[in-house]
Amino acid sequence: MAPRLVHSGSALLILVIAGGGLVLAGWLIEARAAPVPLALALGLLLVALGCLAVWVLQELAWLRPLRTLTREIQLQIHAGPNRRLAACGRHGLGDLPAALGALAERTRELRHEQDRALREAGARMDEQRVRLEAVLQSLGDGVIGCSADRRILLFNDAARRILGAPPGLGLDRPLDRLVASGPVRHVQRLLDARDDRGEASAVSEAFLCTTADGERLLRCRMAPIRRAGGAAGFILEFVDATAHLRAPAGGPGEVARRVRALRAPAASLIAAAEMLGDPDLAPAHRHGFGGVVEREAVLFRARLDDLDHALGALAEAAWPDADLLTSDLALQAGHRLADAEPPLVLEAVGLPVWLRGDGVHLAMLIEGLVRALADASGVARVDLEAVRAGSRVQLDLRYAGSPVSPAVLAGWLERDLPESAGLQRLRDVLERHQAEAWSQEGGRPEESVLRLLLPASPRLAAGGPPADLPPRPEFYDFDLMERATATPDLLEQPLASLTYVVFDTETTGLDPAGRDEIVQIAAVRIVNRRLLSGETFDRLVDPGRPIPKASSRFHGITDPMVRGRPPIEIALAQFHAFAEGAVLVAHNAAFDLAFLRKAEERAGVRFDQPVLDTLLLSAILHDHTDEHGLDAIAARFGVVLADRHQALGDALGTAEVFLRMIDLLAGRGVRTLGDALRLSERAVALRRRQADAFGGGARRGVRVGG
Amino acid sequence: MAKRVLVVDDEPNIVMSLRFLMEREGFEVEVAEDGGAAVEALGRAPADLVLLDVMMPDCDGFEVCRRIRDQPGWQGTRIIMLTAKGRDVEREKGMALGADAYVTKPFSTRELVARVKAMLGGA
């Protein structure tokens, strides 16, 4: 504690007092004053000498060693790790220098350890980098790593070789100079969209594109590099497919062999036919040759089918195919059409369907067809609607106007694709997918469709999750209806003209009043009776608690999937913005709303728009049955539900069901929103009375089938 | 009165066989060499059945099929499409545009005759 008291200020004070004492004592002795003043002078002199002694002691014992220590410590901070703390000679600082010395020694050791660890880590990284480079360089496939804005971060020798050693290949140079940017951007957007949906399957995507100069055809695979908050870039892996894909029909021996096999029966047929042409042929011979022709004809037909299959298999093997959602195709083509002059609108309506094909080319085919439609008839907006028909997907481009004649369509199909990605004409894309296109009446007045028949993805065939979890309890809640702040004007609006947001949630469990929380929230918009499946909302939400295994089995959402996803406060605020100005629709709406209400305050939003419940509407429309689960209602309306128990799939299914209900309600004289809400209230009251009568008595908790 | 069959194909060899086959069954046969001629022929005198090849220059079989189905007076005309393309998608396209049946070339003449007779309920 002594060094703290001894400040330079106090040292100065001691010096002043000592000095002043000496001067005063000197003056008194000089003045030969009386003995009393003399004693006083001597006393002062003693005090002054005492002060001086204290100062000298302080200086030698504390201040000087402290300065030495300070200097040493400062040196230590800036010096290399091998410097040791120098001793500070004689001192009165007790154990302080020794303790500081020990501290310095420990620090020195730590620095040594740290340096060693850093050197080792560096060496390991170097080793890994060398190994990675060796692997990368030894690959026959070209590899280019890119940032999200498609600047090159790394590449290998194969990439240089395949691209023909272009001068534009270098670090931080744009990829777009080397590879046609349209297909690359398309696949980037596709992978981003899948990531936004939280699809775990979005690992990589195969596609075709050309080099920027159009000289070479590349078969590529893109894998995104992810970091929190989106894609940081991607790795593009590619091979040169020029020779393989541009050769007519692939040309491998398999096809040639089958063509040869076809010639044999053809030759027999032709010979027999020529013999039969001889008017002098004897009846016995005529009969014989007739038999030859019949037998050879059977053989001919079988071998022709064989060849057809071989060609189909060849096309399949040579071209990259992937599972694609029709709504993604609409999005891709729509992006480019929006840039047309004047802009064209392509919108996905109805439930999206999985198909199998080459997304880049299919998007271009759709773009090309919409442009042709616009050129020919001035159509400015086209809806893309798809349904699955057996092993095919029927993809309709729906527009106002009359059907396009096959001859005109055939002309359009001869047009070149908007951008080169391997294939030349629109027709080539159809042939590559073994697809057909035609135009017919659209089933609604003044509407026609351009219909494409494309291969479906086997993906849908995979069954939904096991339905061994109890169905959601049916919820009743009067507040649901009372809280809505619908203006009289809104209540008078016809149901068919309103904007709806149809939503669904997946949760950790069935108890919103308890600890259960939302893990996924998804929604889709209906505008003017058109289900806009391109305008969807889909968020995984971190519930802040573990998801029970039984629930994960039900909806397929697991803890790792929601880790790092936004909490409900954020997702709910986003959903609120998405749903703004729309009437909310859900199946068993009170259940989902109970979860929304729970988080409203934290999210700083309030859902006060009117809510319609397809369960209640079904109870009114189909009062002959108690089956009002989503599956049962969908079956009654002939709606095929895909991706059941995934929030977006269920929201889309609910939306399809709701659209059909609007027509049915109109038939019963329920035309306005007000009508529908009043009827819903009656249904709630009725179902509550029934529940009470069955001894339920509770505000909620009666189970419904389905 | 004999039922009328219109054969529409641009390959004379197959037309010869088809004409022979249909006449042997007692049908009255008319031949058109392309789609335009087929529509004209139907305009002059309606047919009960059209044997319609798909692959023809200018106005193909699908176009003829659609034009026939667009005409309110020709709804009773049955259409059998004949084609060298054997894939399901073309069959579906043909049926979507209003064909009653779709037969892939090469076909068995016996089966074709049987189908025609079934559609026209005998001669």
# chains A, B, ... in the order shown; residues from 1 in each chain; ligands from 1
$ residues_around --residues "Leu154 in chain A" --least-positions-apart "6" --cutoff "10 Å" --atoms "only C-alpha atoms" --output "VMD selection string"
chain A and resid 133 136 143 to 147 169 to 172 235
$ residues_around --residues "Ile518 in chain A" --least-positions-apart "4" --cutoff "12 Å" --atoms "only C-alpha atoms" --output "ChimeraX atom specification"
/A:504-512,522,539-547,551,555,557,562,566-569,571-572,591-599,647
$ write_last_selection --atoms "N, CA and C atoms" --output "tab-separated table (two decimals), in the first residue's frame"
chain	number	residue	atom	x	y	z
A	504	ASP	N	-51.09	-22.98	-42.55
A	504	ASP	CA	-51.07	-24.15	-41.68
A	504	ASP	C	-49.80	-24.07	-40.85
A	505	THR	N	-49.86	-24.65	-39.66
A	505	THR	CA	-48.67	-24.70	-38.82
A	505	THR	C	-48.37	-26.15	-38.48
A	506	GLU	N	-47.10	-26.44	-38.25
A	506	GLU	CA	-46.71	-27.70	-37.63
A	506	GLU	C	-46.14	-27.32	-36.27
A	507	THR	N	-46.39	-28.16	-35.27
A	507	THR	CA	-46.05	-27.78	-33.90
A	507	THR	C	-45.31	-28.91	-33.19
A	508	THR	N	-44.81	-28.60	-31.98
A	508	THR	CA	-44.12	-29.64	-31.21
A	508	THR	C	-45.13	-30.61	-30.61
A	509	GLY	N	-46.40	-30.19	-30.53
A	509	GLY	CA	-47.41	-31.06	-29.94
A	509	GLY	C	-48.78	-30.44	-30.04
A	510	LEU	N	-49.71	-30.97	-29.28
A	510	LEU	CA	-51.11	-30.60	-29.46
A	510	LEU	C	-51.62	-29.64	-28.38
A	511	ASP	N	-50.72	-29.08	-27.58
A	511	ASP	CA	-51.18	-28.30	-26.44
A	511	ASP	C	-50.66	-26.86	-26.49
A	512	PRO	N	-51.40	-25.98	-27.17
A	512	PRO	CA	-50.93	-24.60	-27.27
A	512	PRO	C	-50.93	-23.89	-25.92
A	522	ALA	N	-46.58	-22.11	-42.76
A	522	ALA	CA	-46.57	-21.96	-44.21
A	522	ALA	C	-47.92	-21.43	-44.66
A	539	ARG	N	-41.76	-21.07	-43.50
A	539	ARG	CA	-40.64	-20.86	-42.59
A	539	ARG	C	-40.56	-21.98	-41.58
A	540	LEU	N	-39.35	-22.47	-41.40
A	540	LEU	CA	-39.09	-23.34	-40.25
A	540	LEU	C	-38.81	-22.41	-39.07
A	541	VAL	N	-39.26	-22.81	-37.89
A	541	VAL	CA	-39.14	-21.94	-36.72
A	541	VAL	C	-38.45	-22.73	-35.61
A	542	ASP	N	-37.49	-22.09	-34.94
A	542	ASP	CA	-36.87	-22.73	-33.78
A	542	ASP	C	-37.83	-22.59	-32.60
A	543	PRO	N	-38.37	-23.71	-32.10
A	543	PRO	CA	-39.38	-23.61	-31.04
A	543	PRO	C	-38.76	-23.33	-29.67
A	544	GLY	N	-37.43	-23.34	-29.57
A	544	GLY	CA	-36.80	-23.08	-28.29
A	544	GLY	C	-36.97	-24.21	-27.30
A	545	ARG	N	-37.35	-25.36	-27.79
A	545	ARG	CA	-37.46	-26.54	-26.93
A	545	ARG	C	-37.32	-27.76	-27.85
A	546	PRO	N	-36.95	-28.92	-27.28
A	546	PRO	CA	-36.79	-30.10	-28.13
A	546	PRO	C	-38.13	-30.51	-28.76
A	547	ILE	N	-38.08	-31.03	-29.98
A	547	ILE	CA	-39.29	-31.52	-30.63
A	547	ILE	C	-39.46	-32.99	-30.26
A	551	SER	N	-43.75	-36.30	-32.62
A	551	SER	CA	-44.15	-35.19	-33.49
A	551	SER	C	-43.26	-35.14	-34.72
A	555	HIS	N	-44.53	-34.92	-38.69
A	555	HIS	CA	-44.34	-33.88	-39.72
A	555	HIS	C	-42.95	-33.90	-40.33
A	557	ILE	N	-40.16	-32.92	-39.12
A	557	ILE	CA	-39.26	-31.83	-38.74
A	557	ILE	C	-38.53	-32.22	-37.45
A	562	VAL	N	-34.34	-27.31	-37.27
A	562	VAL	CA	-34.79	-25.99	-36.83
A	562	VAL	C	-33.68	-25.22	-36.13
A	566	PRO	N	-35.06	-18.85	-37.41
A	566	PRO	CA	-35.52	-17.74	-36.57
A	566	PRO	C	-36.52	-18.21	-35.51
A	567	PRO	N	-36.57	-17.50	-34.38
A	567	PRO	CA	-37.59	-17.81	-33.37
A	567	PRO	C	-38.95	-17.34	-33.85
A	568	ILE	N	-40.00	-17.74	-33.13
A	568	ILE	CA	-41.36	-17.45	-33.56
A	568	ILE	C	-41.62	-15.94	-33.66
A	569	GLU	N	-40.97	-15.14	-32.80
A	569	GLU	CA	-41.22	-13.69	-32.85
A	569	GLU	C	-40.96	-13.16	-34.25
A	571	ALA	N	-40.51	-15.05	-37.19
A	571	ALA	CA	-41.32	-15.71	-38.22
A	571	ALA	C	-42.75	-15.18	-38.21
A	572	LEU	N	-43.28	-14.92	-37.02
A	572	LEU	CA	-44.67	-14.46	-36.93
A	572	LEU	C	-44.82	-13.05	-37.49
A	591	PHE	N	-57.10	-24.12	-33.74
A	591	PHE	CA	-55.87	-24.78	-33.27
A	591	PHE	C	-54.65	-23.95	-33.65
A	592	ASP	N	-54.54	-23.63	-34.92
A	592	ASP	CA	-53.39	-22.86	-35.40
A	592	ASP	C	-53.36	-21.47	-34.78
A	593	LEU	N	-54.57	-20.87	-34.68
A	593	LEU	CA	-54.64	-19.51	-34.15
A	593	LEU	C	-54.21	-19.47	-32.69
A	594	ALA	N	-54.54	-20.51	-31.93
A	594	ALA	CA	-54.14	-20.54	-30.53
A	594	ALA	C	-52.62	-20.40	-30.43
A	595	PHE	N	-51.91	-21.04	-31.36
A	595	PHE	CA	-50.44	-20.93	-31.34
A	595	PHE	C	-49.99	-19.54	-31.79
A	596	LEU	N	-50.69	-18.97	-32.77
A	596	LEU	CA	-50.32	-17.63	-33.24
A	596	LEU	C	-50.53	-16.61	-32.12
A	597	ARG	N	-51.71	-16.68	-31.47
A	597	ARG	CA	-52.06	-15.72	-30.42
A	597	ARG	C	-51.01	-15.69	-29.32
A	598	LYS	N	-50.54	-16.91	-29.01
A	598	LYS	CA	-49.59	-17.09	-27.93
A	598	LYS	C	-48.32	-16.23	-28.15
A	599	ALA	N	-47.94	-16.09	-29.41
A	599	ALA	CA	-46.69	-15.39	-29.69
A	599	ALA	C	-46.90	-13.96	-30.18
A	647	ALA	N	-46.32	-28.27	-43.62
A	647	ALA	CA	-47.17	-27.09	-43.51
A	647	ALA	C	-47.59	-26.55	-44.88
$ interface_residues --of "chain B" --to "chain A" --cutoff "12 Å" --atoms "only C-alpha atoms" --output "PyMOL selection string"
chain B and resi 13+35-36+54-67+69-70+84-98+104-110
$ write_last_selection --atoms "N, CA and C atoms" --output "tab-separated table (two decimals), in the first residue's frame"
chain	number	residue	atom	x	y	z
B	13	ASN	N	-48.62	-46.76	-100.76
B	13	ASN	CA	-48.60	-48.20	-100.47
B	13	ASN	C	-49.57	-48.57	-99.36
B	35	GLY	N	-54.08	-33.42	-95.07
B	35	GLY	CA	-55.07	-32.92	-94.12
B	35	GLY	C	-56.07	-31.98	-94.74
B	36	GLY	N	-55.56	-31.07	-95.60
B	36	GLY	CA	-56.45	-30.09	-96.23
B	36	GLY	C	-57.49	-30.77	-97.09
B	54	VAL	N	-51.08	-39.58	-88.84
B	54	VAL	CA	-50.66	-38.38	-88.10
B	54	VAL	C	-49.62	-37.59	-88.88
B	55	MET	N	-48.61	-38.31	-89.38
B	55	MET	CA	-47.48	-37.62	-89.99
B	55	MET	C	-47.76	-37.27	-91.44
B	56	MET	N	-48.19	-36.03	-91.65
B	56	MET	CA	-48.41	-35.57	-93.03
B	56	MET	C	-47.86	-34.16	-93.14
B	57	PRO	N	-47.38	-33.79	-94.31
B	57	PRO	CA	-46.87	-32.42	-94.43
B	57	PRO	C	-48.02	-31.40	-94.30
B	58	ASP	N	-47.66	-30.17	-93.96
B	58	ASP	CA	-48.59	-29.04	-93.82
B	58	ASP	C	-49.59	-29.26	-92.69
B	59	CYS	N	-50.74	-29.85	-93.02
B	59	CYS	CA	-51.80	-29.98	-92.03
B	59	CYS	C	-51.78	-31.42	-91.51
B	60	ASP	N	-51.23	-31.62	-90.28
B	60	ASP	CA	-51.04	-32.99	-89.83
B	60	ASP	C	-52.33	-33.58	-89.24
B	61	GLY	N	-52.27	-34.85	-88.85
B	61	GLY	CA	-53.45	-35.57	-88.37
B	61	GLY	C	-54.08	-34.93	-87.14
B	62	PHE	N	-53.23	-34.41	-86.25
B	62	PHE	CA	-53.78	-33.78	-85.05
B	62	PHE	C	-54.65	-32.57	-85.42
B	63	GLU	N	-54.16	-31.81	-86.42
B	63	GLU	CA	-54.89	-30.62	-86.86
B	63	GLU	C	-56.24	-31.02	-87.48
B	64	VAL	N	-56.22	-32.07	-88.33
B	64	VAL	CA	-57.46	-32.54	-88.95
B	64	VAL	C	-58.44	-32.98	-87.85
B	65	CYS	N	-57.91	-33.71	-86.88
B	65	CYS	CA	-58.72	-34.20	-85.78
B	65	CYS	C	-59.41	-33.05	-85.06
B	66	ARG	N	-58.63	-32.01	-84.77
B	66	ARG	CA	-59.19	-30.86	-84.05
B	66	ARG	C	-60.26	-30.16	-84.89
B	67	ARG	N	-59.99	-30.04	-86.20
B	67	ARG	CA	-60.96	-29.35	-87.07
B	67	ARG	C	-62.26	-30.12	-87.14
B	69	ARG	N	-63.47	-32.07	-84.83
B	69	ARG	CA	-64.19	-31.94	-83.56
B	69	ARG	C	-64.74	-30.53	-83.35
B	70	ASP	N	-64.16	-29.54	-84.06
B	70	ASP	CA	-64.66	-28.17	-83.95
B	70	ASP	C	-65.97	-27.97	-84.70
B	84	ALA	N	-46.77	-43.76	-86.85
B	84	ALA	CA	-45.53	-44.51	-86.67
B	84	ALA	C	-44.91	-44.22	-85.32
B	85	LYS	N	-45.44	-43.24	-84.61
B	85	LYS	CA	-44.92	-42.94	-83.27
B	85	LYS	C	-45.70	-43.78	-82.27
B	86	GLY	N	-44.99	-44.56	-81.46
B	86	GLY	CA	-45.70	-45.51	-80.61
B	86	GLY	C	-45.76	-45.15	-79.15
B	87	ARG	N	-45.46	-43.89	-78.81
B	87	ARG	CA	-45.37	-43.61	-77.38
B	87	ARG	C	-46.71	-43.17	-76.80
B	88	ASP	N	-46.83	-43.40	-75.49
B	88	ASP	CA	-48.08	-43.08	-74.78
B	88	ASP	C	-48.49	-41.63	-74.94
B	89	VAL	N	-47.47	-40.72	-74.91
B	89	VAL	CA	-47.83	-39.31	-74.91
B	89	VAL	C	-48.56	-38.91	-76.18
B	90	GLU	N	-48.16	-39.53	-77.32
B	90	GLU	CA	-48.86	-39.19	-78.56
B	90	GLU	C	-50.28	-39.74	-78.55
B	91	ARG	N	-50.41	-40.93	-77.99
B	91	ARG	CA	-51.75	-41.50	-77.85
B	91	ARG	C	-52.64	-40.54	-77.06
B	92	GLU	N	-52.08	-40.04	-75.93
B	92	GLU	CA	-52.88	-39.14	-75.09
B	92	GLU	C	-53.21	-37.84	-75.81
B	93	LYS	N	-52.24	-37.38	-76.59
B	93	LYS	CA	-52.48	-36.15	-77.35
B	93	LYS	C	-53.61	-36.37	-78.35
B	94	GLY	N	-53.55	-37.50	-79.06
B	94	GLY	CA	-54.58	-37.82	-80.05
B	94	GLY	C	-55.96	-37.91	-79.40
B	95	MET	N	-56.00	-38.61	-78.27
B	95	MET	CA	-57.28	-38.77	-77.59
B	95	MET	C	-57.78	-37.41	-77.09
B	96	ALA	N	-56.83	-36.58	-76.59
B	96	ALA	CA	-57.23	-35.26	-76.07
B	96	ALA	C	-57.82	-34.40	-77.18
B	97	LEU	N	-57.32	-34.57	-78.40
B	97	LEU	CA	-57.82	-33.74	-79.50
B	97	LEU	C	-59.05	-34.36	-80.15
B	98	GLY	N	-59.54	-35.46	-79.59
B	98	GLY	CA	-60.85	-35.95	-80.03
B	98	GLY	C	-60.85	-37.25	-80.81
B	104	THR	N	-50.94	-47.84	-83.67
B	104	THR	CA	-49.54	-47.61	-84.01
B	104	THR	C	-49.13	-48.45	-85.21
B	105	LYS	N	-48.40	-47.83	-86.13
B	105	LYS	CA	-47.87	-48.54	-87.29
B	105	LYS	C	-46.58	-49.24	-86.90
B	106	PRO	N	-46.26	-50.44	-87.33
B	106	PRO	CA	-47.15	-51.28	-88.14
B	106	PRO	C	-48.25	-51.91	-87.29
B	107	PHE	N	-49.40	-52.09	-87.90
B	107	PHE	CA	-50.55	-52.63	-87.16
B	107	PHE	C	-51.01	-53.92	-87.83
B	108	SER	N	-51.77	-54.70	-87.11
B	108	SER	CA	-52.34	-55.92	-87.70
B	108	SER	C	-53.62	-55.52	-88.43
B	109	THR	N	-53.67	-55.86	-89.73
B	109	THR	CA	-54.84	-55.44	-90.52
B	109	THR	C	-56.11	-56.09	-89.97
B	110	ARG	N	-55.98	-57.32	-89.45
B	110	ARG	CA	-57.15	-58.00	-88.91
B	110	ARG	C	-57.72	-57.21	-87.73
$ select_by_dssp --residues "range 398-585 of chain A" --states "strand (DSSP E or B)" --output "PyMOL selection string"
chain A and resi 398-400+416+425+436-441+447-456+473-475+494+500-507+518-527+530-540+542+567+583-585
$ select_by_dssp --residues "range 24-80 of chain B" --states "alpha helix (DSSP H)" --output "list in words"
Arg24, Gly35, Gly36, Ala37, Ala38, Val39, Glu40, Ala41, Leu42, Gly43, Arg44, Gly61, Phe62, Glu63, Val64, Cys65, Arg66, Arg67, Ile68, Arg69 and Asp70 of chain B
$ atom_distance --atom1 "CA of His645 in chain A" --atom2 "CA of Leu531 in chain A"
19.5 Å
$ atom_distance --atom1 "CA of Asp613 in chain A" --atom2 "CA of Phe637 in chain A"
16.3 Å
$ atom_distance --atom1 "CA of Arg111 in chain A" --atom2 "CA of Gly89 in chain A"
26.8 Å
$ residues_around --residues "range 499-502 of chain A" --least-positions-apart "3" --cutoff "8 Å" --atoms "only C-alpha atoms" --output "compact mmCIF listing (two decimals) with N, CA and C atoms, in the first residue's frame"
# COMPACT_ATOMS: atom_id res chain seq x y z
N ALA A 523 -47.92 -20.72 -45.76
CA ALA A 523 -49.16 -20.12 -46.23
C ALA A 523 -49.09 -19.89 -47.73
N VAL A 524 -50.27 -19.76 -48.32
CA VAL A 524 -50.35 -19.51 -49.74
C VAL A 524 -51.47 -18.50 -49.96
N ARG A 525 -51.38 -17.74 -51.03
CA ARG A 525 -52.33 -16.66 -51.24
C ARG A 525 -53.36 -17.03 -52.32
N ILE A 526 -54.60 -16.64 -52.09
CA ILE A 526 -55.64 -16.77 -53.12
C ILE A 526 -56.09 -15.37 -53.49
N VAL A 527 -55.99 -15.03 -54.76
CA VAL A 527 -56.45 -13.73 -55.24
C VAL A 527 -57.44 -13.96 -56.37
N ASN A 528 -58.62 -13.37 -56.26
CA ASN A 528 -59.64 -13.53 -57.31
C ASN A 528 -59.87 -14.98 -57.69
N ALA A 579 -49.63 -11.80 -44.53
CA ALA A 579 -51.08 -11.98 -44.45
C ALA A 579 -51.83 -10.66 -44.42
N GLY A 581 -53.97 -7.59 -44.90
CA GLY A 581 -55.05 -7.24 -45.81
C GLY A 581 -55.81 -8.42 -46.35
N ALA A 582 -55.46 -9.63 -45.92
CA ALA A 582 -56.15 -10.82 -46.44
C ALA A 582 -57.00 -11.45 -45.35
N VAL A 583 -58.03 -12.17 -45.77
CA VAL A 583 -58.81 -12.96 -44.84
C VAL A 583 -58.03 -14.26 -44.59
N LEU A 584 -57.91 -14.64 -43.33
CA LEU A 584 -57.17 -15.86 -43.02
C LEU A 584 -58.06 -17.08 -43.18
N VAL A 585 -57.50 -18.15 -43.71
CA VAL A 585 -58.23 -19.41 -43.83
C VAL A 585 -57.32 -20.52 -43.32
N ALA A 586 -57.88 -21.42 -42.53
CA ALA A 586 -57.10 -22.59 -42.11
C ALA A 586 -58.07 -23.72 -41.83
N ALA A 651 -51.30 -26.43 -46.38
CA ALA A 651 -51.88 -25.12 -46.69
C ALA A 651 -52.40 -25.12 -48.13
N LEU A 652 -51.61 -25.70 -49.05
CA LEU A 652 -52.03 -25.75 -50.45
C LEU A 652 -53.29 -26.61 -50.60
N THR A 654 -55.54 -27.25 -48.28
CA THR A 654 -56.66 -26.51 -47.68
C THR A 654 -57.16 -25.45 -48.65
N ALA A 655 -56.22 -24.79 -49.34
CA ALA A 655 -56.60 -23.74 -50.28
C ALA A 655 -57.43 -24.32 -51.43
$ residues_around --residues "Leu175 in chain A" --least-positions-apart "2" --cutoff "12 Å" --atoms "only C-alpha atoms" --output "ChimeraX atom specification"
/A:144-155,159,163,166-173,177-182,184-185,211-212,233-236
$ write_last_selection --atoms "N, CA and C atoms" --output "compact mmCIF listing (two decimals), in the first residue's frame"
# COMPACT_ATOMS: atom_id res chain seq x y z
N ILE A 144 -14.90 -25.64 -60.35
CA ILE A 144 -14.71 -24.21 -60.13
C ILE A 144 -15.53 -23.81 -58.91
N GLY A 145 -14.88 -23.16 -57.95
CA GLY A 145 -15.60 -22.64 -56.79
C GLY A 145 -15.87 -21.17 -57.03
N CYS A 146 -17.11 -20.74 -56.68
CA CYS A 146 -17.48 -19.36 -56.96
C CYS A 146 -18.15 -18.72 -55.75
N SER A 147 -18.06 -17.42 -55.66
CA SER A 147 -18.83 -16.67 -54.67
C SER A 147 -20.26 -16.54 -55.19
N ALA A 148 -21.15 -16.02 -54.33
CA ALA A 148 -22.55 -15.93 -54.73
C ALA A 148 -22.72 -15.05 -55.97
N ASP A 149 -21.85 -14.04 -56.16
CA ASP A 149 -21.98 -13.20 -57.35
C ASP A 149 -21.15 -13.76 -58.51
N ARG A 150 -20.84 -15.05 -58.45
CA ARG A 150 -20.21 -15.81 -59.53
C ARG A 150 -18.82 -15.28 -59.89
N ARG A 151 -18.01 -14.97 -58.83
CA ARG A 151 -16.59 -14.69 -59.08
C ARG A 151 -15.81 -15.94 -58.69
N ILE A 152 -14.77 -16.22 -59.43
CA ILE A 152 -14.07 -17.49 -59.26
C ILE A 152 -13.17 -17.45 -58.03
N LEU A 153 -13.33 -18.44 -57.15
CA LEU A 153 -12.53 -18.53 -55.93
C LEU A 153 -11.45 -19.60 -56.05
N LEU A 154 -11.73 -20.66 -56.79
CA LEU A 154 -10.74 -21.70 -57.02
C LEU A 154 -11.12 -22.46 -58.29
N PHE A 155 -10.12 -23.10 -58.88
CA PHE A 155 -10.41 -23.94 -60.05
C PHE A 155 -9.28 -24.94 -60.21
N ALA A 159 -10.62 -28.05 -65.18
CA ALA A 159 -11.50 -26.95 -65.57
C ALA A 159 -10.85 -26.15 -66.70
N LEU A 163 -12.43 -26.13 -70.50
CA LEU A 163 -12.89 -24.85 -71.03
C LEU A 163 -11.98 -24.35 -72.16
N PRO A 166 -9.11 -20.75 -71.40
CA PRO A 166 -9.45 -19.39 -71.79
C PRO A 166 -8.70 -18.36 -70.95
N PRO A 167 -8.38 -17.20 -71.52
CA PRO A 167 -7.64 -16.19 -70.75
C PRO A 167 -8.47 -15.66 -69.57
N GLY A 168 -9.79 -15.78 -69.64
CA GLY A 168 -10.64 -15.23 -68.58
C GLY A 168 -10.71 -16.09 -67.34
N LEU A 169 -10.01 -17.23 -67.34
CA LEU A 169 -10.06 -18.12 -66.18
C LEU A 169 -8.99 -17.70 -65.18
N GLY A 170 -9.39 -17.13 -64.07
CA GLY A 170 -8.44 -16.69 -63.05
C GLY A 170 -9.18 -16.35 -61.78
N LEU A 171 -8.45 -16.28 -60.68
CA LEU A 171 -9.10 -15.99 -59.41
C LEU A 171 -9.73 -14.60 -59.44
N ASP A 172 -10.90 -14.51 -58.85
CA ASP A 172 -11.67 -13.26 -58.76
C ASP A 172 -12.16 -12.76 -60.13
N ARG A 173 -12.08 -13.59 -61.16
CA ARG A 173 -12.63 -13.21 -62.46
C ARG A 173 -14.07 -13.71 -62.54
N ARG A 177 -18.10 -14.93 -67.92
CA ARG A 177 -17.32 -14.80 -69.15
C ARG A 177 -17.00 -16.16 -69.75
N LEU A 178 -17.07 -17.21 -68.90
CA LEU A 178 -16.63 -18.53 -69.33
C LEU A 178 -17.79 -19.45 -69.68
N VAL A 179 -18.87 -19.35 -68.85
CA VAL A 179 -19.97 -20.30 -68.95
C VAL A 179 -21.26 -19.51 -69.14
N ALA A 180 -22.16 -19.98 -70.00
CA ALA A 180 -23.43 -19.28 -70.24
C ALA A 180 -24.10 -19.02 -68.90
N SER A 181 -24.39 -17.76 -68.61
CA SER A 181 -24.80 -17.41 -67.25
C SER A 181 -26.26 -17.76 -66.98
N GLY A 182 -27.09 -17.84 -68.02
CA GLY A 182 -28.52 -18.11 -67.80
C GLY A 182 -28.76 -19.38 -67.01
N VAL A 184 -26.71 -21.14 -65.23
CA VAL A 184 -26.06 -21.12 -63.91
C VAL A 184 -26.92 -20.32 -62.93
N ARG A 185 -27.39 -19.16 -63.37
CA ARG A 185 -28.23 -18.33 -62.50
C ARG A 185 -29.53 -19.05 -62.16
N THR A 211 -20.50 -23.38 -72.89
CA THR A 211 -19.52 -22.36 -72.57
C THR A 211 -20.06 -21.03 -73.12
N ALA A 212 -19.50 -19.92 -72.63
CA ALA A 212 -20.05 -18.60 -73.01
C ALA A 212 -19.99 -18.40 -74.52
N GLY A 233 -21.96 -19.12 -51.88
CA GLY A 233 -21.40 -19.39 -53.20
C GLY A 233 -21.72 -20.80 -53.59
N PHE A 234 -20.93 -21.35 -54.53
CA PHE A 234 -21.23 -22.70 -54.96
C PHE A 234 -19.99 -23.34 -55.58
N ILE A 235 -20.02 -24.64 -55.63
CA ILE A 235 -18.98 -25.40 -56.34
C ILE A 235 -19.63 -25.94 -57.61
N LEU A 236 -19.00 -25.66 -58.73
CA LEU A 236 -19.50 -26.15 -60.01
C LEU A 236 -18.57 -27.25 -60.51
$ residues_around --residues "Gly101 in chain A" --least-positions-apart "5" --cutoff "12 Å" --atoms "only C-alpha atoms" --output "NGL selection string"
:A and (69-70 or 72-73 or 76 or 83-88 or 95-96 or 106-108)
$ decode --residues "range 50-61 of chain B" --atoms "C-alpha atoms" --output "mmCIF file, in the first residue's frame"
data_model
loop_
_atom_site.group_PDB
_atom_site.id
_atom_site.type_symbol
_atom_site.label_atom_id
_atom_site.label_comp_id
_atom_site.auth_asym_id
_atom_site.auth_seq_id
_atom_site.Cartn_x
_atom_site.Cartn_y
_atom_site.Cartn_z
ATOM 1 C CA VAL B 50 -61.833 -41.477 -90.740
ATOM 2 C CA LEU B 51 -58.624 -43.496 -90.820
ATOM 3 C CA LEU B 52 -56.228 -40.677 -90.152
ATOM 4 C CA ASP B 53 -52.447 -40.750 -90.484
ATOM 5 C CA VAL B 54 -50.657 -38.383 -88.104
ATOM 6 C CA MET B 55 -47.478 -37.617 -89.987
ATOM 7 C CA MET B 56 -48.411 -35.571 -93.028
ATOM 8 C CA PRO B 57 -46.875 -32.418 -94.435
ATOM 9 C CA ASP B 58 -48.592 -29.037 -93.821
ATOM 10 C CA CYS B 59 -51.796 -29.985 -92.025
ATOM 11 C CA ASP B 60 -51.043 -32.991 -89.831
ATOM 12 C CA GLY B 61 -53.447 -35.569 -88.373
#
